[in-house]
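Since the structure comes first, as structure tokens, the remarks are kept for the end.
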Amino acid sequence: MNTFFKIAEKGTGSYRFLAILRWVMVVIFVSFAMQKFTLQSAQGIVQFISNSPFISWLSVFGFRGEAYFLGVAEFGIAALLAAGAFSPVLSAFGSVMGIVTFFVTWSFFFTTPGVVKWSLSTDPMAWNLTGEFIFKDIVLLCVCVVLFLASLQRPAIG
């Protein structure tokens, strides 16, 4: 199975520079995870979780418990991405978990009331500061997609 995957750190040429993306994502996931253990962050994510069709079930843990759950998950993703520098399978798995994470956070843009105001006026889509904060997650989602695709072994063209 390892022959199906590869890692950027063992690549050549411009492919090797994708390793920088891995370590940036490790730092991002660690920082996001640490924030989830603060009261301010736990209170701040309640509106997103309660309106999400994907993770609203986390409310069974209470607002601190749902933040702790997400924090532990984000530490786990950071660990998988870091271990992915040495294991191609963990590289792919950590990238997929990152994709899932940012897909869910990107969905908040559409599921959280008041984040976006849609209209047919000259400004068809206006978002508030929360919307701007969420909007950047599309870039992080794309970074995880790039890391995943880079971890797949490409067949040799003869």
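Just so we're on the same page: first chain in the structure tokens is A, next is B, and so on; residues restart at 1 for each chain, and ligands are numbered from 1 in the order they show up.
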
DSSP on the backbone: which residues in range 24-151 of chain A end up as alpha helix (DSSP H)? Give the answer as a VMD selection string.
chain A and resid 24 to 35 39 to 51 62 to 83 88 to 111 129 to 135 137 to 151

Please, which residues of range 75-141 of chain A, numbered as in this document, come out strand (DSSP E) from DSSP, as a PyMOL selection string?
chain A and resi 116-118+125-127

Using the selection just defined, write its residues with N, CA and C atoms as a compact mmCIF listing (two decimals), in the first residue's frame.
```txt
# COMPACT_ATOMS: atom_id res chain seq x y z
N VAL A 116 -24.00 35.82 5.78
CA VAL A 116 -24.06 36.35 4.42
C VAL A 116 -25.45 36.91 4.16
N LYS A 117 -25.47 38.04 3.48
CA LYS A 117 -26.74 38.61 3.02
C LYS A 117 -26.73 38.54 1.50
N TRP A 118 -27.60 37.72 0.95
CA TRP A 118 -27.70 37.55 -0.50
C TRP A 118 -28.75 38.52 -1.02
N MET A 125 -23.56 39.69 -2.90
CA MET A 125 -23.19 38.87 -1.75
C MET A 125 -22.38 39.76 -0.80
N ALA A 126 -22.96 40.06 0.35
CA ALA A 126 -22.25 40.85 1.34
C ALA A 126 -22.13 40.01 2.61
N TRP A 127 -20.93 39.97 3.19
CA TRP A 127 -20.77 39.22 4.41
C TRP A 127 -20.22 40.10 5.51
```

Do you know which residues are at most 7 Å from range 90-99 of chain A counting only C-alpha atoms, after dropping those on the same chain fewer than 2 positions away, and could you put them as a PDB file with all heavy atoms, in the first residue's frame?
```pdb
ATOM      1  N   ILE A   7       5.532  11.125  -0.371  1.00  0.00           N
ATOM      2  CA  ILE A   7       5.546  12.344   0.419  1.00  0.00           C
ATOM      3  C   ILE A   7       6.452  13.385  -0.229  1.00  0.00           C
ATOM      4  O   ILE A   7       7.428  13.051  -0.890  1.00  0.00           O
ATOM      5  CB  ILE A   7       5.978  12.084   1.874  1.00  0.00           C
ATOM      6  CG1 ILE A   7       7.329  11.389   1.934  1.00  0.00           C
ATOM      7  CG2 ILE A   7       4.927  11.292   2.610  1.00  0.00           C
ATOM      8  CD1 ILE A   7       7.872  11.218   3.331  1.00  0.00           C
ATOM      9  N   ILE A  77      -5.104  15.920  13.764  1.00  0.00           N
ATOM     10  CA  ILE A  77      -4.807  16.210  12.352  1.00  0.00           C
ATOM     11  C   ILE A  77      -3.401  16.775  12.216  1.00  0.00           C
ATOM     12  O   ILE A  77      -2.652  16.393  11.314  1.00  0.00           O
ATOM     13  CB  ILE A  77      -5.863  17.156  11.753  1.00  0.00           C
ATOM     14  CG1 ILE A  77      -7.227  16.458  11.706  1.00  0.00           C
ATOM     15  CG2 ILE A  77      -5.453  17.620  10.358  1.00  0.00           C
ATOM     16  CD1 ILE A  77      -8.392  17.383  11.420  1.00  0.00           C
ATOM     17  N   LEU A  80      -1.046  13.898  12.484  1.00  0.00           N
ATOM     18  CA  LEU A  80      -1.053  13.101  11.255  1.00  0.00           C
ATOM     19  C   LEU A  80      -0.268  13.793  10.141  1.00  0.00           C
ATOM     20  O   LEU A  80       0.498  13.142   9.428  1.00  0.00           O
ATOM     21  CB  LEU A  80      -2.482  12.843  10.780  1.00  0.00           C
ATOM     22  CG  LEU A  80      -3.275  11.798  11.539  1.00  0.00           C
ATOM     23  CD1 LEU A  80      -4.750  11.860  11.146  1.00  0.00           C
ATOM     24  CD2 LEU A  80      -2.701  10.416  11.274  1.00  0.00           C
ATOM     25  N   LEU A  81      -0.456  15.092  10.011  1.00  0.00           N
ATOM     26  CA  LEU A  81       0.268  15.828   8.977  1.00  0.00           C
ATOM     27  C   LEU A  81       1.769  15.825   9.260  1.00  0.00           C
ATOM     28  O   LEU A  81       2.583  15.660   8.349  1.00  0.00           O
ATOM     29  CB  LEU A  81      -0.256  17.255   8.862  1.00  0.00           C
ATOM     30  CG  LEU A  81      -1.626  17.402   8.205  1.00  0.00           C
ATOM     31  CD1 LEU A  81      -2.158  18.822   8.363  1.00  0.00           C
ATOM     32  CD2 LEU A  81      -1.579  17.013   6.742  1.00  0.00           C
ATOM     33  N   ALA A  83       3.452  13.544  11.047  1.00  0.00           N
ATOM     34  CA  ALA A  83       3.914  12.172  10.817  1.00  0.00           C
ATOM     35  C   ALA A  83       3.943  11.862   9.329  1.00  0.00           C
ATOM     36  O   ALA A  83       4.716  11.014   8.875  1.00  0.00           O
ATOM     37  CB  ALA A  83       3.018  11.178  11.553  1.00  0.00           C
ATOM     38  N   GLY A  84       3.111  12.566   8.564  1.00  0.00           N
ATOM     39  CA  GLY A  84       3.075  12.383   7.122  1.00  0.00           C
ATOM     40  C   GLY A  84       4.375  12.757   6.421  1.00  0.00           C
ATOM     41  O   GLY A  84       4.593  12.376   5.278  1.00  0.00           O
ATOM     42  N   ALA A  85       5.245  13.473   7.118  1.00  0.00           N
ATOM     43  CA  ALA A  85       6.558  13.779   6.553  1.00  0.00           C
ATOM     44  C   ALA A  85       7.421  12.519   6.463  1.00  0.00           C
ATOM     45  O   ALA A  85       8.412  12.489   5.746  1.00  0.00           O
ATOM     46  CB  ALA A  85       7.264  14.832   7.395  1.00  0.00           C
ATOM     47  N   SER A  87       5.681   9.154   6.688  1.00  0.00           N
ATOM     48  CA  SER A  87       4.825   8.052   6.250  1.00  0.00           C
ATOM     49  C   SER A  87       3.867   8.543   5.165  1.00  0.00           C
ATOM     50  O   SER A  87       3.002   9.384   5.442  1.00  0.00           O
ATOM     51  CB  SER A  87       4.020   7.502   7.434  1.00  0.00           C
ATOM     52  OG  SER A  87       2.999   6.647   6.982  1.00  0.00           O
ATOM     53  N   PRO A  88       3.995   8.015   3.970  1.00  0.00           N
ATOM     54  CA  PRO A  88       3.112   8.449   2.879  1.00  0.00           C
ATOM     55  C   PRO A  88       1.626   8.238   3.164  1.00  0.00           C
ATOM     56  O   PRO A  88       0.804   9.075   2.799  1.00  0.00           O
ATOM     57  CB  PRO A  88       3.564   7.599   1.698  1.00  0.00           C
ATOM     58  CG  PRO A  88       4.947   7.171   2.025  1.00  0.00           C
ATOM     59  CD  PRO A  88       4.999   7.059   3.517  1.00  0.00           C
ATOM     60  N   THR A 101     -12.179  18.863   7.537  1.00  0.00           N
ATOM     61  CA  THR A 101     -12.263  19.975   8.492  1.00  0.00           C
ATOM     62  C   THR A 101     -12.634  21.276   7.798  1.00  0.00           C
ATOM     63  O   THR A 101     -13.561  21.980   8.219  1.00  0.00           O
ATOM     64  CB  THR A 101     -10.919  20.158   9.223  1.00  0.00           C
ATOM     65  OG1 THR A 101     -10.640  18.981   9.965  1.00  0.00           O
ATOM     66  CG2 THR A 101     -10.940  21.367  10.137  1.00  0.00           C
ATOM     67  N   PHE A 102     -11.924  21.599   6.728  1.00  0.00           N
ATOM     68  CA  PHE A 102     -12.178  22.887   6.079  1.00  0.00           C
ATOM     69  C   PHE A 102     -13.431  22.869   5.218  1.00  0.00           C
ATOM     70  O   PHE A 102     -14.039  23.918   4.999  1.00  0.00           O
ATOM     71  CB  PHE A 102     -10.944  23.351   5.304  1.00  0.00           C
ATOM     72  CG  PHE A 102      -9.831  23.710   6.243  1.00  0.00           C
ATOM     73  CD1 PHE A 102      -8.646  23.007   6.221  1.00  0.00           C
ATOM     74  CD2 PHE A 102      -9.991  24.715   7.178  1.00  0.00           C
ATOM     75  CE1 PHE A 102      -7.629  23.324   7.106  1.00  0.00           C
ATOM     76  CE2 PHE A 102      -8.978  25.038   8.073  1.00  0.00           C
ATOM     77  CZ  PHE A 102      -7.791  24.346   8.030  1.00  0.00           C
ATOM     78  N   PHE A 103     -13.859  21.698   4.769  1.00  0.00           N
ATOM     79  CA  PHE A 103     -15.153  21.602   4.104  1.00  0.00           C
ATOM     80  C   PHE A 103     -16.255  21.969   5.096  1.00  0.00           C
ATOM     81  O   PHE A 103     -17.167  22.734   4.782  1.00  0.00           O
ATOM     82  CB  PHE A 103     -15.395  20.202   3.536  1.00  0.00           C
ATOM     83  CG  PHE A 103     -16.789  20.009   3.017  1.00  0.00           C
ATOM     84  CD1 PHE A 103     -17.161  20.498   1.781  1.00  0.00           C
ATOM     85  CD2 PHE A 103     -17.753  19.365   3.790  1.00  0.00           C
ATOM     86  CE1 PHE A 103     -18.465  20.351   1.308  1.00  0.00           C
ATOM     87  CE2 PHE A 103     -19.047  19.213   3.333  1.00  0.00           C
ATOM     88  CZ  PHE A 103     -19.409  19.702   2.092  1.00  0.00           C
ATOM     89  N   LEU A 141      -8.584  24.830   2.695  1.00  0.00           N
ATOM     90  CA  LEU A 141      -9.148  23.632   2.081  1.00  0.00           C
ATOM     91  C   LEU A 141      -8.340  23.259   0.845  1.00  0.00           C
ATOM     92  O   LEU A 141      -7.964  22.090   0.657  1.00  0.00           O
ATOM     93  CB  LEU A 141     -10.614  23.867   1.714  1.00  0.00           C
ATOM     94  CG  LEU A 141     -11.293  22.800   0.863  1.00  0.00           C
ATOM     95  CD1 LEU A 141     -11.482  21.522   1.652  1.00  0.00           C
ATOM     96  CD2 LEU A 141     -12.625  23.301   0.348  1.00  0.00           C
ATOM     97  N   CYS A 144      -4.971  21.689   1.642  1.00  0.00           N
ATOM     98  CA  CYS A 144      -5.100  20.276   2.016  1.00  0.00           C
ATOM     99  C   CYS A 144      -5.357  19.402   0.793  1.00  0.00           C
ATOM    100  O   CYS A 144      -4.855  18.273   0.714  1.00  0.00           O
ATOM    101  CB  CYS A 144      -6.195  20.101   3.066  1.00  0.00           C
ATOM    102  SG  CYS A 144      -5.728  20.756   4.682  1.00  0.00           S
ATOM    103  N   VAL A 145      -6.124  19.908  -0.163  1.00  0.00           N
ATOM    104  CA  VAL A 145      -6.349  19.154  -1.407  1.00  0.00           C
ATOM    105  C   VAL A 145      -5.025  18.975  -2.153  1.00  0.00           C
ATOM    106  O   VAL A 145      -4.715  17.877  -2.628  1.00  0.00           O
ATOM    107  CB  VAL A 145      -7.401  19.854  -2.306  1.00  0.00           C
ATOM    108  CG1 VAL A 145      -7.431  19.246  -3.699  1.00  0.00           C
ATOM    109  CG2 VAL A 145      -8.781  19.784  -1.663  1.00  0.00           C
ATOM    110  N   LEU A 147      -2.010  18.973  -0.878  1.00  0.00           N
ATOM    111  CA  LEU A 147      -1.190  18.011  -0.128  1.00  0.00           C
ATOM    112  C   LEU A 147      -1.652  16.581  -0.378  1.00  0.00           C
ATOM    113  O   LEU A 147      -0.837  15.662  -0.519  1.00  0.00           O
ATOM    114  CB  LEU A 147      -1.225  18.318   1.369  1.00  0.00           C
ATOM    115  CG  LEU A 147      -0.442  19.539   1.818  1.00  0.00           C
ATOM    116  CD1 LEU A 147      -0.691  19.813   3.301  1.00  0.00           C
ATOM    117  CD2 LEU A 147       1.038  19.358   1.549  1.00  0.00           C
ATOM    118  N   PHE A 148      -2.967  16.379  -0.430  1.00  0.00           N
ATOM    119  CA  PHE A 148      -3.469  15.037  -0.703  1.00  0.00           C
ATOM    120  C   PHE A 148      -3.078  14.584  -2.102  1.00  0.00           C
ATOM    121  O   PHE A 148      -2.567  13.480  -2.289  1.00  0.00           O
ATOM    122  CB  PHE A 148      -4.988  14.968  -0.528  1.00  0.00           C
ATOM    123  CG  PHE A 148      -5.547  13.640  -0.919  1.00  0.00           C
ATOM    124  CD1 PHE A 148      -5.322  12.524  -0.125  1.00  0.00           C
ATOM    125  CD2 PHE A 148      -6.261  13.477  -2.093  1.00  0.00           C
ATOM    126  CE1 PHE A 148      -5.813  11.272  -0.491  1.00  0.00           C
ATOM    127  CE2 PHE A 148      -6.754  12.241  -2.469  1.00  0.00           C
ATOM    128  CZ  PHE A 148      -6.526  11.135  -1.660  1.00  0.00           C
ATOM    129  N   SER A 151       0.366  13.555  -2.452  1.00  0.00           N
ATOM    130  CA  SER A 151       0.735  12.304  -1.788  1.00  0.00           C
ATOM    131  C   SER A 151       0.406  11.071  -2.631  1.00  0.00           C
ATOM    132  O   SER A 151       0.834   9.966  -2.301  1.00  0.00           O
ATOM    133  CB  SER A 151       0.043  12.199  -0.422  1.00  0.00           C
ATOM    134  OG  SER A 151      -1.329  11.940  -0.578  1.00  0.00           O
TER     135      SER A 151
END
```

Range 47-54 of chain A environment, 8 Å, only C-alpha atoms, sequence neighbours closer than 5 positions dropped, as a CSV table (one decimal) with N, CA, C and O atoms, in the first residue's frame:
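Listing of out_0.csv after writing:
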```csv
chain,number,residue,atom,x,y,z
A,59,SER,N,-23.2,19.1,20.1
A,59,SER,CA,-23.9,19.9,21.2
A,59,SER,C,-24.2,18.9,22.4
A,59,SER,O,-24.4,19.4,23.5
A,104,VAL,N,-16.2,21.4,6.3
A,104,VAL,CA,-17.2,21.7,7.3
A,104,VAL,C,-17.1,23.2,7.7
A,104,VAL,O,-18.2,23.8,7.8
A,107,SER,N,-18.6,25.3,5.1
A,107,SER,CA,-20.1,25.2,5.1
A,107,SER,C,-20.8,26.2,6.0
A,107,SER,O,-21.9,26.5,5.8
A,108,PHE,N,-20.1,26.6,7.1
A,108,PHE,CA,-20.6,27.6,8.0
A,108,PHE,C,-21.0,28.9,7.3
A,108,PHE,O,-21.9,29.6,7.7
A,111,THR,N,-24.5,28.0,6.3
A,111,THR,CA,-25.5,27.5,7.3
A,111,THR,C,-25.7,28.3,8.5
A,111,THR,O,-26.6,28.1,9.2
A,112,THR,N,-24.8,29.3,8.7
A,112,THR,CA,-24.9,30.1,9.9
A,112,THR,C,-25.7,31.4,9.5
A,112,THR,O,-25.3,32.2,8.7
A,113,PRO,N,-26.9,31.6,10.2
A,113,PRO,CA,-27.7,32.7,9.9
A,113,PRO,C,-26.9,34.1,10.1
A,113,PRO,O,-26.2,34.2,11.1
```

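Of the listed residues A:Gly114, A:Ile28, A:Ile138, A:Leu21, the one whose atoms come nearest to Phe75 in chain A is A:Ile28, with distances taken using only C-alpha atoms.
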
Please, what distance in Å, to one decimal, runs between CA of Ala19 in chain A and CA of Val100 in chain A?
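Here the two named atoms are 20.2 Å from each other.
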